[in-house]
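Structure below is protein_36.txt: compact mmCIF, C-alpha atoms and all ligand atoms.
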```txt
# COMPACT_ATOMS: atom_id res chain seq x y z
CA MET A 1 134.62 83.26 126.68
CA LYS A 2 132.46 80.90 124.69
CA THR A 3 128.90 80.33 125.87
CA ILE A 4 127.91 76.69 126.36
CA TYR A 5 124.14 76.84 126.24
CA VAL A 6 122.39 73.86 127.80
CA ASP A 7 119.23 75.65 128.90
CA ASN A 8 117.12 74.85 125.85
CA ASN A 9 114.01 73.98 127.88
CA ALA A 10 114.00 77.64 128.97
CA THR A 11 114.34 78.94 125.43
CA THR A 12 116.27 78.19 122.27
CA LYS A 13 118.36 79.99 119.71
CA VAL A 14 116.28 81.11 116.74
CA ALA A 15 117.43 79.04 113.76
CA PRO A 16 119.14 81.17 111.07
CA GLU A 17 116.66 79.81 108.50
CA VAL A 18 113.82 81.09 110.69
CA VAL A 19 115.34 84.57 111.00
CA GLU A 20 115.78 84.68 107.24
CA ALA A 21 112.17 83.65 106.65
CA MET A 22 110.90 86.34 109.04
CA LEU A 23 112.97 89.35 107.91
CA PRO A 24 110.92 90.40 104.85
CA TYR A 25 107.84 90.69 107.05
CA PHE A 26 109.48 93.47 109.07
CA THR A 27 110.96 95.41 106.17
CA GLU A 28 108.94 95.01 102.96
CA ARG A 29 105.82 93.03 103.75
CA TYR A 30 104.72 94.80 106.92
CA GLY A 31 101.03 95.09 106.02
CA ASN A 32 98.05 94.24 108.18
CA ALA A 33 96.78 90.83 107.08
CA SER A 34 93.18 91.98 107.61
CA SER A 35 93.45 94.95 105.21
CA MET A 36 91.31 95.11 102.07
CA HIS A 37 94.25 96.11 99.84
CA SER A 38 96.53 93.47 98.44
CA PHE A 39 99.63 94.86 100.23
CA GLY A 40 98.23 93.59 103.52
CA GLY A 41 95.56 91.15 102.43
CA GLY A 42 98.03 89.14 100.37
CA LEU A 43 99.65 88.01 103.60
CA VAL A 44 96.75 85.64 104.16
CA VAL A 45 98.54 83.24 101.82
CA ASP A 46 101.71 83.35 103.94
CA ILE A 47 99.72 82.77 107.11
CA ARG A 48 97.96 79.84 105.51
CA ARG A 49 101.29 78.26 104.56
CA ALA A 50 102.57 78.65 108.12
CA ARG A 51 99.37 77.16 109.53
CA THR A 52 99.86 74.12 107.30
CA GLN A 53 103.50 73.77 108.43
CA VAL A 54 102.42 73.81 112.09
CA ALA A 55 99.60 71.33 111.44
CA ASP A 56 101.91 68.96 109.53
CA LEU A 57 104.32 68.67 112.47
CA ILE A 58 101.61 67.30 114.79
CA GLY A 59 99.37 65.39 112.37
CA ALA A 60 96.60 68.02 112.45
CA ARG A 61 94.63 69.86 109.78
CA PRO A 62 95.46 73.54 109.12
CA GLU A 63 92.00 74.70 110.20
CA GLU A 64 92.59 73.07 113.61
CA ILE A 65 95.50 75.44 114.38
CA LEU A 66 94.91 78.70 116.25
CA PHE A 67 97.84 81.11 116.56
CA THR A 68 98.42 82.63 120.02
CA SER A 69 101.20 84.52 121.78
CA GLY A 70 102.82 81.35 123.20
CA GLY A 71 102.43 78.42 125.54
CA THR A 72 100.92 80.31 128.47
CA GLU A 73 98.17 81.86 126.35
CA SER A 74 97.45 78.55 124.59
CA ASP A 75 97.02 76.82 127.97
CA ALA A 76 94.72 79.55 129.31
CA THR A 77 92.70 79.63 126.06
CA ALA A 78 92.19 75.86 126.11
CA ILE A 79 90.94 75.74 129.70
CA HIS A 80 88.80 78.85 129.26
CA ALA A 81 87.17 77.39 126.15
CA ALA A 82 86.47 74.06 127.86
CA LEU A 83 84.88 75.64 130.94
CA GLN A 84 82.84 78.21 129.02
CA SER A 85 81.53 75.51 126.70
CA ASN A 86 80.59 73.23 129.64
CA PRO A 87 79.23 75.69 132.21
CA ASP A 88 77.47 73.00 134.27
CA LYS A 89 80.62 71.02 134.99
CA ARG A 90 82.63 72.12 138.03
CA HIS A 91 85.46 69.59 138.30
CA ILE A 92 88.84 69.89 136.54
CA VAL A 93 91.85 67.62 136.65
CA THR A 94 95.58 68.18 136.26
CA SER A 95 98.82 66.89 137.80
CA ARG A 96 101.07 68.05 140.63
CA VAL A 97 104.03 68.66 138.34
CA GLU A 98 102.63 71.07 135.76
CA HIS A 99 104.34 74.23 134.57
CA PRO A 100 103.13 77.39 136.38
CA ALA A 101 101.13 78.25 133.24
CA ILE A 102 98.70 75.46 134.22
CA LYS A 103 99.43 75.17 137.95
CA THR A 104 98.63 78.80 138.75
CA LEU A 105 95.64 78.83 136.41
CA PHE A 106 94.11 75.77 138.11
CA GLU A 107 94.78 77.25 141.56
CA ARG A 108 92.86 80.33 140.45
CA TYR A 109 89.93 78.25 139.18
CA GLN A 110 90.01 76.45 142.56
CA LYS A 111 89.72 79.78 144.38
CA ASN A 112 86.81 80.62 142.08
CA GLY A 113 84.87 77.56 143.20
CA TYR A 114 85.97 74.75 140.90
CA ARG A 115 86.83 71.37 142.41
CA VAL A 116 90.36 70.59 141.28
CA THR A 117 92.16 67.24 141.39
CA PHE A 118 95.95 67.51 141.30
CA VAL A 119 96.99 63.95 140.42
CA PRO A 120 100.21 62.83 142.19
CA VAL A 121 103.31 61.31 140.60
CA ASP A 122 105.66 58.59 141.84
CA GLY A 123 109.32 58.99 142.82
CA GLU A 124 110.37 58.99 139.16
CA GLY A 125 107.83 61.65 138.17
CA ARG A 126 105.45 59.16 136.54
CA LEU A 127 101.76 60.00 136.80
CA GLU A 128 99.61 57.87 139.13
CA GLN A 129 97.27 56.78 136.35
CA THR A 130 94.80 54.94 138.57
CA ALA A 131 94.34 58.06 140.70
CA LEU A 132 93.66 60.03 137.54
CA LEU A 133 91.02 57.65 136.19
CA GLU A 134 89.37 57.24 139.60
CA SER A 135 88.99 61.00 139.96
CA LEU A 136 86.86 61.34 136.79
CA SER A 137 83.09 61.78 137.01
CA ASP A 138 80.13 63.20 135.08
CA ASP A 139 81.04 66.56 136.61
CA THR A 140 84.56 66.63 135.09
CA ALA A 141 84.89 69.31 132.40
CA ILE A 142 88.49 68.76 131.32
CA VAL A 143 91.69 66.87 132.06
CA SER A 144 94.89 68.82 131.39
CA LEU A 145 98.20 66.95 131.54
CA MET A 146 101.58 68.07 130.28
CA TRP A 147 103.02 65.78 127.63
CA ALA A 148 106.56 66.10 128.99
CA ASN A 149 107.87 67.80 132.08
CA ASN A 150 110.03 70.89 131.60
CA GLU A 151 112.29 70.16 134.62
CA THR A 152 112.88 66.42 134.40
CA GLY A 153 111.83 65.63 130.82
CA VAL A 154 109.61 62.80 132.11
CA ILE A 155 107.02 61.89 129.46
CA ASN A 156 103.37 61.13 130.20
CA PRO A 157 101.74 58.38 128.06
CA ILE A 158 99.46 60.95 126.44
CA ASP A 159 98.33 58.77 123.52
CA ASP A 160 96.84 56.19 125.92
CA LEU A 161 95.62 58.60 128.59
CA SER A 162 93.87 60.87 126.10
CA ARG A 163 92.02 57.92 124.57
CA GLU A 164 90.91 56.71 128.02
CA VAL A 165 89.66 60.15 129.04
CA ARG A 166 87.97 60.86 125.73
CA ALA A 167 86.17 57.50 125.87
CA ARG A 168 84.45 58.84 129.01
CA GLY A 169 83.22 61.91 127.11
CA ILE A 170 85.61 64.28 128.89
CA LEU A 171 87.75 66.90 127.09
CA PHE A 172 91.51 66.30 127.09
CA HIS A 173 94.11 69.08 126.88
CA THR A 174 97.85 68.57 126.80
CA ASP A 175 100.56 71.15 127.36
CA ALA A 176 103.01 69.92 124.73
CA VAL A 177 105.24 72.99 124.96
CA GLN A 178 108.31 70.89 125.82
CA THR A 179 107.41 68.00 123.55
CA VAL A 180 107.04 69.57 120.12
CA GLY A 181 110.21 69.11 118.10
CA LYS A 182 111.67 66.58 120.56
CA ILE A 183 109.56 63.48 119.98
CA PRO A 184 106.99 62.70 117.26
CA ILE A 185 103.41 63.85 117.90
CA ASP A 186 100.39 62.67 115.93
CA VAL A 187 97.03 63.98 117.10
CA SER A 188 95.26 62.00 114.37
CA GLN A 189 96.14 58.85 116.34
CA ASN A 190 95.17 59.85 119.87
CA GLY A 191 92.33 61.39 121.85
CA VAL A 192 93.79 64.85 122.43
CA ASP A 193 91.18 67.59 121.91
CA LEU A 194 93.41 70.58 122.66
CA LEU A 195 97.22 70.87 122.51
CA SER A 196 99.47 73.82 123.42
CA MET A 197 102.75 74.65 121.73
CA SER A 198 105.25 77.50 121.79
CA ALA A 199 107.70 78.41 119.01
CA HIS A 200 110.59 79.63 121.16
CA LYS A 201 111.10 76.14 122.58
CA PHE A 202 112.03 74.72 119.17
CA HIS A 203 114.19 77.40 117.51
CA GLY A 204 111.34 79.71 116.56
CA PRO A 205 110.77 83.26 117.81
CA LYS A 206 109.40 84.27 121.22
CA GLY A 207 105.86 85.59 121.59
CA ILE A 208 104.18 83.20 119.17
CA GLY A 209 102.55 79.85 119.81
CA ALA A 210 99.59 77.79 118.76
CA LEU A 211 96.66 75.87 120.16
CA TYR A 212 95.49 72.79 118.32
CA ILE A 213 91.70 72.48 118.56
CA ARG A 214 90.31 69.18 117.26
CA LYS A 215 87.62 69.71 114.64
CA GLY A 216 84.20 69.60 116.29
CA THR A 217 85.44 70.72 119.74
CA LYS A 218 83.18 73.40 121.18
CA PHE A 219 85.11 76.64 121.53
CA LYS A 220 84.57 80.04 123.16
CA PRO A 221 87.24 82.71 122.57
CA MET A 222 89.16 84.17 125.49
CA VAL A 223 90.34 87.31 123.70
CA VAL A 224 87.51 89.11 121.91
CA GLY A 225 87.52 92.07 119.54
CA GLY A 226 88.29 91.83 115.82
CA HIS A 227 87.53 88.85 113.63
CA GLN A 228 91.07 87.53 113.23
CA GLU A 229 91.74 83.78 113.40
CA GLY A 230 88.17 83.05 112.36
CA GLY A 231 86.86 84.94 115.40
CA ARG A 232 88.65 82.60 117.81
CA ARG A 233 91.36 85.07 118.88
CA ALA A 234 91.08 88.79 118.28
CA GLY A 235 94.11 90.98 117.60
CA THR A 236 96.21 91.90 114.57
CA GLU A 237 98.09 88.84 113.38
CA ASN A 238 101.78 88.61 114.32
CA VAL A 239 102.75 87.85 110.73
CA PRO A 240 106.56 87.66 111.20
CA GLY A 241 106.03 85.43 114.24
CA ILE A 242 103.53 83.22 112.45
CA VAL A 243 105.82 82.82 109.42
CA GLY A 244 108.77 82.13 111.76
CA MET A 245 106.82 79.53 113.70
CA GLY A 246 105.82 77.81 110.47
CA ARG A 247 109.43 77.63 109.29
CA ALA A 248 110.55 76.44 112.76
CA CYS A 249 107.96 73.62 112.60
CA ALA A 250 109.20 72.49 109.19
CA LEU A 251 112.81 72.48 110.51
CA ALA A 252 111.79 70.71 113.71
CA GLY A 253 110.25 67.94 111.61
CA GLU A 254 113.50 67.58 109.68
CA ASN A 255 115.58 67.52 112.88
CA LEU A 256 113.42 65.12 114.92
CA GLU A 257 115.65 62.20 114.05
CA ASP A 258 118.82 64.03 115.08
CA VAL A 259 117.26 64.94 118.41
CA GLY A 260 116.06 61.37 118.94
CA THR A 261 119.44 59.79 118.22
CA ARG A 262 122.54 62.03 118.33
CA VAL A 263 121.21 64.46 120.94
CA ARG A 264 119.89 61.57 123.03
CA GLN A 265 123.35 59.99 122.98
CA LEU A 266 124.94 63.27 124.01
CA ARG A 267 122.48 63.58 126.89
CA ASP A 268 123.19 60.01 127.99
CA THR A 269 126.95 60.59 127.78
CA LEU A 270 126.65 63.75 129.86
CA GLU A 271 124.43 62.12 132.46
CA GLN A 272 126.48 58.94 132.84
CA ALA A 273 129.77 60.82 133.02
CA LEU A 274 128.50 63.19 135.72
CA LEU A 275 126.89 60.44 137.79
CA GLN A 276 130.13 58.49 137.63
CA ALA A 277 132.45 61.41 138.40
CA VAL A 278 130.45 63.00 141.23
CA PRO A 279 129.71 60.95 144.36
CA ARG A 280 126.17 61.22 145.78
CA SER A 281 124.61 62.46 142.59
CA MET A 282 121.51 61.06 140.86
CA ALA A 283 119.28 61.69 137.87
CA ASN A 284 115.80 62.93 138.83
CA GLY A 285 113.29 60.78 136.94
CA GLY A 286 116.18 58.82 135.46
CA GLN A 287 114.23 55.53 135.45
CA ALA A 288 111.21 56.98 133.62
CA GLU A 289 110.72 57.51 129.91
CA ARG A 290 112.14 60.96 129.20
CA LEU A 291 112.65 63.54 126.48
CA PRO A 292 115.90 62.84 124.62
CA ASN A 293 117.39 66.26 125.39
CA THR A 294 116.87 66.67 129.15
CA THR A 295 118.62 65.51 132.30
CA SER A 296 118.07 66.83 135.81
CA ILE A 297 120.90 65.85 138.11
CA ALA A 298 120.79 66.19 141.89
CA PHE A 299 124.13 66.91 143.54
CA GLU A 300 123.48 66.29 147.21
CA TYR A 301 124.45 68.83 149.89
CA VAL A 302 125.13 71.79 147.59
CA GLU A 303 122.99 74.76 146.57
CA GLY A 304 121.76 74.87 142.98
CA GLU A 305 122.18 78.64 142.80
CA ALA A 306 125.81 78.41 143.94
CA ILE A 307 126.46 75.71 141.33
CA LEU A 308 124.91 77.87 138.60
CA LEU A 309 127.08 80.84 139.59
CA LEU A 310 130.27 78.81 139.30
CA MET A 311 129.09 77.21 136.04
CA ASN A 312 128.44 80.71 134.75
CA GLU A 313 132.11 81.56 135.38
CA TYR A 314 132.94 78.87 132.82
CA GLY A 315 130.31 80.12 130.39
CA ILE A 316 127.95 77.19 131.02
CA CYS A 317 124.25 78.16 131.08
CA ALA A 318 121.77 75.77 132.72
CA SER A 319 118.93 75.94 135.27
CA SER A 320 118.50 74.86 138.88
CA GLY A 321 115.68 72.95 140.52
CA SER A 322 114.77 75.82 142.80
CA ALA A 323 112.52 78.75 142.32
CA CYS A 324 113.51 81.95 144.07
CA THR A 325 110.20 82.84 145.69
CA SER A 326 109.94 85.83 148.00
CA GLY A 327 113.57 85.72 148.98
CA SER A 328 113.57 82.12 150.16
CA LEU A 329 114.97 79.35 148.01
CA GLU A 330 112.22 76.78 147.74
CA PRO A 331 112.96 73.55 145.88
CA SER A 332 110.74 73.23 142.82
CA HIS A 333 107.20 71.87 143.25
CA VAL A 334 108.05 69.22 140.65
CA LEU A 335 110.93 67.70 142.64
CA ARG A 336 108.91 68.00 145.86
CA ALA A 337 105.95 66.17 144.27
CA MET A 338 108.39 63.40 143.31
CA GLY A 339 109.55 63.19 146.92
CA VAL A 340 113.15 64.11 146.12
CA PRO A 341 114.78 64.83 149.52
CA PHE A 342 115.43 68.52 150.24
CA THR A 343 119.19 67.97 150.33
CA ALA A 344 119.04 66.66 146.75
CA ALA A 345 116.31 68.90 145.34
CA HIS A 346 118.26 72.00 146.41
CA GLY A 347 121.29 70.87 144.45
CA SER A 348 119.49 69.87 141.26
CA ILE A 349 120.68 71.17 137.92
CA ARG A 350 118.77 70.80 134.67
CA TYR A 351 120.81 70.42 131.50
CA SER A 352 118.70 70.70 128.35
CA LEU A 353 120.43 70.11 125.02
CA SER A 354 119.38 70.92 121.46
CA HIS A 355 120.06 70.18 117.81
CA TYR A 356 122.91 72.70 118.09
CA THR A 357 124.67 71.01 121.05
CA THR A 358 128.03 69.44 120.17
CA ARG A 359 130.15 66.64 121.63
CA GLU A 360 132.87 69.20 122.45
CA GLU A 361 130.41 71.15 124.56
CA VAL A 362 129.37 68.05 126.46
CA ASP A 363 133.02 67.12 127.08
CA TYR A 364 133.67 70.62 128.37
CA ILE A 365 130.78 70.37 130.85
CA VAL A 366 131.91 66.92 131.99
CA ASP A 367 135.38 68.36 132.60
CA LYS A 368 134.22 71.41 134.58
CA MET A 369 131.39 70.05 136.74
CA PRO A 370 133.15 67.68 139.18
CA PRO A 371 135.63 70.32 140.50
CA ILE A 372 132.75 72.82 140.86
CA ILE A 373 130.79 70.41 143.07
CA GLU A 374 133.90 69.43 145.01
CA ARG A 375 134.75 73.08 145.68
CA LEU A 376 131.27 73.83 146.99
CA ARG A 377 131.12 70.68 149.09
CA SER A 378 134.44 71.51 150.71
CA MET A 379 132.73 74.64 152.09
CA SER A 380 129.49 72.89 153.12
CA PRO A 381 129.02 71.92 156.79
CA PHE A 382 126.13 69.63 155.72
CA TRP A 383 128.42 67.72 153.37
CA LYS A 384 130.96 67.26 156.19
CA GLN A 385 128.24 65.99 158.52
CA ALA A 386 126.83 63.64 155.88
CA THR A 387 130.17 62.12 154.95
CA GLU A 388 131.18 61.74 158.61
CA ALA A 389 127.85 60.04 159.37
CA ALA A 390 128.35 57.70 156.41
CA MET A 391 131.75 56.67 157.80
CA HIS A 392 130.33 55.66 161.20
N1 LIG A 401 104.33 74.98 129.49
C1 LIG A 401 105.54 74.40 129.66
C2 LIG A 401 105.64 72.94 129.94
C3 LIG A 401 106.69 75.19 129.57
O1 LIG A 401 107.89 74.62 129.74
C4 LIG A 401 106.55 76.58 129.30
C5 LIG A 401 107.74 77.45 129.25
O2 LIG A 401 108.72 77.23 129.94
C6 LIG A 401 105.28 77.11 129.13
C7 LIG A 401 104.18 76.27 129.24
C8 LIG A 401 105.07 78.56 128.84
O3 LIG A 401 105.33 78.84 127.49
P1 LIG A 401 105.55 80.34 126.99
O4 LIG A 401 106.86 80.78 127.51
O5 LIG A 401 105.56 80.27 125.50
O6 LIG A 401 104.41 81.15 127.50
```
Could you rewrite the structure in this file as structure tokens?
Amino acid sequence: MKTIYVDNNATTKVAPEVVEAMLPYFTERYGNASSMHSFGGGLVVDIRRARTQVADLIGARPEEILFTSGGTESDATAIHAALQSNPDKRHIVTSRVEHPAIKTLFERYQKNGYRVTFVPVDGEGRLEQTALLESLSDDTAIVSLMWANNETGVINPIDDLSREVRARGILFHTDAVQTVGKIPIDVSQNGVDLLSMSAHKFHGPKGIGALYIRKGTKFKPMVVGGHQEGGRRAGTENVPGIVGMGRACALAGENLEDVGTRVRQLRDTLEQALLQAVPRSMANGGQAERLPNTTSIAFEYVEGEAILLLMNEYGICASSGSACTSGSLEPSHVLRAMGVPFTAAHGSIRYSLSHYTTREEVDYIVDKMPPIIERLRSMSPFWKQATEAAMH
């Protein structure tokens, strides 16, 4: 059976061009980039090229790019650096809909005595901007807001928000892990001081990412040891990963237009067809500005996990809006923060498309989904109750 992969916000296929670019660094050019001999030391040139490719995609300068192991490490490094460089400030700000990489980190800082503001969002997942600005004070060390949400695709107005925050002399970090390669980013035009990215979300390899650090930003390393990355992150360079990420950035730049137009149309077609074919379904955050590749659709009165299992029987891979925590199926904190009713949050499915998604694949999904939901609803006592109530 063919696999229809619409789970690209979880991870993506590594582009064949990226694999090709990486291979020599496993087989022939496997040296340590920090070695004195030219076999290893020569790799510095390759790393420099990759750093430039990453910088070019986001409007940065090569020396502002720090390679890490991925989005989670970039996020932790950014917050660590901000707090270590501003030891007197004890207030930090984020939103209620962040990825666990930030959410859990901020909860830990809260336990360790920091005052944390988790800014709420409205019913469409849009940040309450007034609440954000009102929370800021002389004691605020950093504001960290995701550029786009991984579950709903809802985009925060980071260009404007970062300028506002920066004008108050407060550091601004953005988790742009879901944004890079999907919409244009230009840090030379906004007030972002620190920006996280991760290669496996845009057809690069897993285990490699980067943190953009605006020139002049005070920085304290989180991982210490050797002098790699200019002393900002110790550890032998992941040369194949770095080269792969560089190539993936160059490709992402070339494919931005396709994602913004063709993929966006495919996403809209999928969303509209499903909302039309399935009664009592809705798009979470559908009225907000969103990434072009993502739609999160709530099918009321069915369980997301059951939907995913049936989709899997047809070879369709997607994600649900629940997180299986300690045996109980809790709806995601993102949908809860948006006030999506439990009956809808439980039955939410995220479809995330990519440059490789085709019209045939979308048609296939549109064909298979309505009977799947109908089959599950026919077994659901809650659905029976809800439809009977609606009739009276
Ligand atoms: N931030 C966001 C918004 C994400 O979607 C993810 C991954 O799903 C991460 C951070 C973590 O990135 P990584 O898997 O590279 O650690």
>> Give me, as a count of residues only, all polymer residues having an atom no more than 12 Å from A:Val366, counting only C-alpha atoms and skipping those fewer than 2 positions away in the same chain.
In response: 29
>> 9 Å from ligand LIG 401 (chain A) is the threshold here; counting all atoms listed in the file, which polymer residues fall inside it? Answer as JSON, numbers by chain.
In response: {"A": [9, 10, 11, 69, 70, 71, 72, 73, 74, 75, 98, 99, 100, 101, 102, 146, 147, 148, 149, 150, 151, 175, 176, 177, 178, 179, 196, 197, 198, 199, 200, 201, 206, 207, 208, 209]}
> Got a sec: who's within 8 Å of stretch 31-42 of chain A, counting all atoms listed in the file, leaving out chain neighbours fewer than 5 positions off, as a PyMOL selection string?
Replying inline: chain A and resi 228+236-237+239
>> Between A:Val116, A:Ala288, A:Met338, A:Ala76, which residue has the minimum interatomic distance to A:Arg90, considering only C-alpha atoms?
In response: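 That would be A:Val116, the residue with the smallest distance to A:Arg90.
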>> as a ChimeraX atom specification, please: the residues near A:Met282 (cut-off 12 Å, all atoms listed in the file, same-chain neighbours under 3 positions excluded).
In response: /A:124,271-279,285-287,295-300,340-341,343-345,347-350
>> Using all atoms listed in the file for the distances, tell me which of A:Val14, A:Met222, A:Val192, A:Leu251 is nearest to A:Ser85.
In response: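 Smallest separation from A:Ser85 among the options: A:Met222.
Of the residues under consideration (A:Gln110, A:Asn8, A:Thr174, A:Thr104), A:Thr104 shows the shortest atom-to-atom contact distance to A:His333 when counting all atoms listed in the file.
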> Of the candidates A:Arg290, A:His392, A:Lys111, A:Arg126, which one gets nearest to A:Ser95 if we count only C-alpha atoms?
Replying inline: A:Arg126
Enclose all atoms of stretch 287-298 of chain A listed in the file in an axis-aligned box, grow every side by 3 Å, and hand back centre and edge lengths in Å to one decimal, as AutoDock Vina command-line options.
```
--center_x 115.8 --center_y 61.2 --center_z 133.3 --size_x 16.2 --size_y 17.3 --size_z 23.3
```
>> At a cut-off of 12 Å, using only C-alpha atoms, what residues contact stretch 112-114 of chain A? Leave out same-chain residues fewer than 4 positions from it and give the result as a ChimeraX atom specification.
In response: /A:83,87-93,105-108,139-142
>> For a quick check of your reading of the model, name the residues lying within 6 Å of the coordinate (99.7, 67.9, 116.3), counting only C-alpha atoms, and write them as a PyMOL selection string.
In response: chain A and resi 55+58-60+185-187
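From atom CA of A:Gly235 back to atom CA of A:Phe172, the distance works out to 26.6 Å.
Counting from atom CA of A:Gln129, the distance to atom CA of A:Asn190 is 16.9 Å.
Across the structure, atom CA of A:Gly260 and atom CA of A:Leu145 are spaced 22.6 Å apart.
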>> I'd like to know which of A:His203, A:His80, A:Arg51, A:His173 is closest to A:Val223, using all atoms listed in the file.
In response: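 Nearest to A:Val223: A:His80.
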> Looking at all atoms listed in the file, which of A:Glu64, A:Asp122, A:Asp258, A:Glu330 is the one that sits closest to A:Phe342?
Replying inline: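 Going through A:Glu64, A:Asp122, A:Asp258, A:Glu330 one by one, the smallest distance to A:Phe342 is for A:Glu330.
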